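Trainee: Would you mind keeping the following structure in view while I ask a few things?
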Amino acid sequence: MIGAGPVGLFLSHLLGQAGIRTLLVEKRSTRDAPSMAIGLMPPSLRLFAQAGLADPLLTAGVEVQTAVVHDQRRPLGRVDFSGLPPPFPFILSLPQGALMEILRERLSEKTSVRFAPGRQAIGVIQEQDCIRVQIRDLPTGRISEHGARYVIGCDGHNSDLRHFLNIPISSKSYAPQFVMGDFPDTTDWENAAHLFFTPTGSIESFPLPGKARRWVALAPHGAQDTDALLHQVKTITGWQLSAHEEKWHSSFRPRRQLADTFYQGRAILCGDAAHVMSPIGGQGMNTGFADAGHLAALLRQALRSGADAAPLLAGYDHDRRRAFRIAANRAACGMWLGAHQGGLFSAMRSLLIRRVLLRPPLVYRLPAHFAMLTIPRGPIPDLEAS
Ligand SMILES: Cc1cc2nc3c(=O)[nH]c(=O)nc-3n(C[C@H](O)[C@H](O)[C@H](O)COP(=O)(O)OP(=O)(O)OC[C@H]3O[C@@H](n4cnc5c(N)ncnc54)[C@H](O)[C@@H]3O)c2cc1C
């Protein structure tokens with residue numbers, strides 16, 4: 001497996017749980033912990049539970065059960081996740097870096113998995129019965145070759161594996177730009193998320209572990225520094241953040257990217273290597289985890305039976321491409337709703353939100369929709385060791 005981002009680490013756990021021998025190479029040898037993605041959705045939590053990982057994640061994260069939606073004058077309504085089916089009637093807020101730390105630490109428990117940081121995949125050769133991967137040991141420069149039944153590229157949006165295989169992508173950038181930062185939580189909102197849609201911009205605010213809070217704003221006039229974020233938060237919500245207390249900062253212009261195929265021969269793409277969507281809505285990493293769940297089940301079946309994996313891989317491509325399209329369209333729709341400014345659009349948006357949030361039946365369907373429970377899933381992996 002190539003790439004120990006969140007998706008590669010999690011897939012290694014799933015394969016390890018099934019007793020599948022796995023080599024995980026990661027070109028970075030440092031353990032930097034970017035905050036990035038923060039929401040673990042219930043379908044992902046179910047998969048983590050299957051891999052025996054739910055308890056440490058629940059201990060480290062914050063359970064978000066409510067999202068309150070405001071316009072410039074008042075709260076418009078709320079989305080209540082507490083009625084979602086057990087055992088996870090919430091979205092777990094846990095920054096990507098902290099999640100990866102837990103996944104790395106616990107990987108040593110999976111005895112069939114070898115984690116090799118500081119190693120970069122630099123090429124692959126497909127053969128009839130196996131695939132050979134060339135790996136450079138970055139500290140020494142030494143190059144070695146490893147044979148495997150399958151190679152999985154969890155190597156991110158610029159996937160090297162995708163380049164080695166010459167798999168084309170379709171890609172587009174969206175116009176809106178966003179700025180985000182993590183700060184100590186000085187609000188009295190506790191574990192609730194708050195979303196603001198106003199004529200001068202939109203703000204999203206989510207609780208984080210350690211009494212902290214993530215703030216995301218539509219970048220005013222493209223300005224993406226901390227001062228721009230602080231200004232928008234103060235203007236729209238009234239809360240005053242302090243620049244020197246910012247724990248993490250990022251700005252981004254969302255993109256949508258999709259590989260033409262998710263596999264070629266014995267090489268398979270997973271997570272951002274296969275697809276990228278707008279981070280608005282918090283679905284990108286979760287879609288990668290669902291890819292990993294599907295792949296783990298598929299590989300276990302193929303390796304156990306020794307059967308040709310091609311039909312299973314065609315199913316993976318079809319199912320995960322469909323799930324991506326649904327999630328990416330929802331992300332684009334949420335972004336469109338938040339990105340438009342001006343009085344008239346804002347008044348119509350407030351009307352629409354109130355209708356949806358206050359009246360059945362949509363208000364009952366929204367929590368499952370936002371928690372990704374309505375996105376079709378692949379098979380849940382049977383993770384008993386083979
Ligand atoms: C600002 C921002 C906020 C986001 N917020 C959310 C959110 O709230 N919720 C959500 O679900 N998603 C969110 N996302 C998306 C999420 O961060 C990504 O979907 C996720 O990081 C993808 O994980 P991955 O493991 O597929 O790829 P990556 O995280 O990119 O990991 C790829 C890994 O592969 C390694 N690698 C690359 N090439 C090689 C090679 N040749 N050899 C060895 N190793 C290699 C890299 O070093 C890296 O460690 C956000 C993204 C951004 C940018």
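Starting from 1 in every chain, residues are counted up; chains themselves are A, B, ... following the order of the structure tokens, and ligands are numbered from 1 as listed.
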Taking only C-alpha atoms and all ligand atoms into account, which residues are within 8 Å of ligand 1, as an MDAnalysis selection string?

Mentor: chainID A and resid 2:9 25:28 35:40 96 118:122 135 153:161 180 250:252 254 270:273 276:288

Trainee: Which residues in segment 149-327 of chain A does DSSP call helix (DSSP H, G or I)? List them as a PyMOL selection string.

Mentor: chain A and resi 160-164+220-222+226-237+243-245+271-273+284-305+310-327

Trainee: Which residue out of A:Cys333, A:Val124, A:Ala339, A:Ala116 has the minimum interatomic distance to Phe178 of chain A when only C-alpha atoms are used?

Mentor: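 For Phe178 of chain A, the nearest of the given residues is A:Ala339.
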
Trainee: I'd like to know which of A:Ala347, A:Met335, A:Ala193, A:Ile131 is closest to Val69 of chain A, using only C-alpha atoms.

Mentor: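 Once distances to Val69 of chain A are computed over only C-alpha atoms, the minimum belongs to A:Ala193.
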
Trainee: If you take only C-alpha atoms and a cut-off of 12 Å, which residues of segment 138-243 of chain A touch segment 307-330 of chain A, and what are their nearest atom pairs and distances in Å to one decimal, in chain and number order, as CSV?

Mentor:
```
residue,atom,partner,partner_atom,distance
A:Arg149,CA,A:Ala309,CA,10.4
A:Tyr150,CA,A:Ala309,CA,9.9
A:Ile152,CA,A:Leu313,CA,11.9
```

Trainee: Considering only C-alpha atoms, can you say which of A:Thr200, A:Ser350, A:Gln240, A:Gln134 comes closest to Trp215 of chain A?

Mentor: A:Gln240

Trainee: Running DSSP on the backbone, which parts of segment 209-312 of chain A land in strand (DSSP E), as a tab-separated table (two decimals) with N, CA and C atoms, in the first residue's frame?

Mentor:
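Saved as selection-v1.tsv:
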```
chain	number	residue	atom	x	y	z
A	212	ALA	N	-11.71	23.62	22.18
A	212	ALA	CA	-11.31	24.47	21.05
A	212	ALA	C	-12.45	24.49	20.04
A	213	ARG	N	-12.33	25.33	19.02
A	213	ARG	CA	-13.40	25.46	18.04
A	213	ARG	C	-12.81	25.79	16.67
A	214	ARG	N	-13.34	25.15	15.64
A	214	ARG	CA	-12.98	25.42	14.24
A	214	ARG	C	-13.93	26.48	13.68
A	215	TRP	N	-13.35	27.52	13.04
A	215	TRP	CA	-14.16	28.53	12.35
A	215	TRP	C	-13.82	28.51	10.87
A	216	VAL	N	-14.84	28.49	10.03
A	216	VAL	CA	-14.64	28.48	8.57
A	216	VAL	C	-15.46	29.63	7.99
A	217	ALA	N	-14.81	30.47	7.17
A	217	ALA	CA	-15.54	31.61	6.58
A	217	ALA	C	-15.30	31.63	5.08
A	218	LEU	N	-16.29	32.12	4.38
A	218	LEU	CA	-16.10	32.45	2.97
A	218	LEU	C	-15.12	33.61	2.96
A	248	TRP	N	-4.19	26.70	14.44
A	248	TRP	CA	-3.98	26.13	13.11
A	248	TRP	C	-4.74	26.99	12.11
A	249	HIS	N	-4.18	27.17	10.92
A	249	HIS	CA	-4.81	28.04	9.92
A	249	HIS	C	-4.71	27.40	8.54
A	250	SER	N	-5.74	27.54	7.75
A	250	SER	CA	-5.67	27.06	6.37
A	250	SER	C	-6.60	27.89	5.49
A	251	SER	N	-6.28	27.96	4.23
A	251	SER	CA	-7.19	28.58	3.28
A	251	SER	C	-7.23	27.69	2.06
A	252	PHE	N	-8.35	27.65	1.41
A	252	PHE	CA	-8.44	26.74	0.28
A	252	PHE	C	-9.49	27.19	-0.72
A	255	ARG	N	-11.92	22.05	-4.91
A	255	ARG	CA	-11.79	21.42	-6.21
A	255	ARG	C	-12.62	20.16	-6.26
A	256	ARG	N	-12.95	19.76	-7.46
A	256	ARG	CA	-13.58	18.46	-7.67
A	256	ARG	C	-12.71	17.72	-8.67
A	257	GLN	N	-12.34	16.51	-8.33
A	257	GLN	CA	-11.42	15.75	-9.18
A	257	GLN	C	-11.82	14.28	-9.16
A	258	LEU	N	-11.76	13.65	-10.32
A	258	LEU	CA	-12.20	12.25	-10.39
A	258	LEU	C	-11.31	11.50	-11.39
A	259	ALA	N	-10.75	10.38	-10.94
A	259	ALA	CA	-9.93	9.55	-11.84
A	259	ALA	C	-10.84	8.82	-12.83
A	263	TYR	N	-9.08	1.52	-10.94
A	263	TYR	CA	-8.14	0.39	-10.91
A	263	TYR	C	-7.63	0.11	-12.30
A	264	GLN	N	-6.47	-0.52	-12.34
A	264	GLN	CA	-5.91	-0.97	-13.62
A	264	GLN	C	-5.10	-2.23	-13.31
A	267	ALA	N	-3.46	-2.79	-9.75
A	267	ALA	CA	-3.25	-1.52	-9.05
A	267	ALA	C	-4.60	-0.83	-8.82
A	268	ILE	N	-4.81	-0.35	-7.58
A	268	ILE	CA	-6.13	0.17	-7.20
A	268	ILE	C	-5.95	1.55	-6.55
A	269	LEU	N	-6.84	2.47	-6.87
A	269	LEU	CA	-6.82	3.80	-6.24
A	269	LEU	C	-7.89	3.87	-5.15
A	275	HIS	N	-10.51	10.36	-5.94
A	275	HIS	CA	-11.51	11.43	-6.05
A	275	HIS	C	-11.29	12.51	-4.98
A	276	VAL	N	-11.61	13.75	-5.35
A	276	VAL	CA	-11.53	14.87	-4.40
A	276	VAL	C	-12.80	15.68	-4.54
```

Trainee: List as number ranges by chain the protein and nucleic acid residues near segment 71-76 of chain A, meaning an atom at most 6 Å away when only C-alpha atoms are counted, but skip any in the same chain fewer than 6 places from it.

Mentor: A: 196-198, 354

Trainee: For Ser242 of chain A, which residue out of A:Phe183, A:Leu15, A:Phe206, A:Leu295 is the nearest one, using only C-alpha atoms?

Mentor: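 Among the listed residues, A:Phe183 lies closest to Ser242 of chain A.
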
Trainee: Could you tell me how far atom CA of Ala302 of chain A sits from atom CA of Gln17 of chain A, in Å to one decimal place?

Mentor: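 Distance between the two atoms: 15.9 Å.
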
Trainee: Go through A:His340, A:Arg300, A:Arg162, A:His146 one by one, measure the shortest atom-to-atom distance of each to Leu23 of chain A using only C-alpha atoms, and give the residue with the smallest value.

Mentor: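 Smallest separation from Leu23 of chain A among the options: A:His146.
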
Trainee: Atom CA of Ser93 of chain A to atom CA of Phe10 of chain A: how many Å, to one decimal?

Mentor: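 Atom CA of Phe10 of chain A lies at a distance of 17.1 Å from atom CA of Ser93 of chain A.
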
Trainee: Using only C-alpha atoms, find the one residue out of A:Val356, A:Val64, A:Leu58, A:Ala175 that sits nearest to Ala332 of chain A.

Mentor: A:Ala175

Trainee: Which residues are near Ala223 of chain A? Cut-off 9 Å, only C-alpha atoms, ignore same chain within fewer than 6 positions. Put them as a ChimeraX atom specification.

Mentor: /A:177-179,229
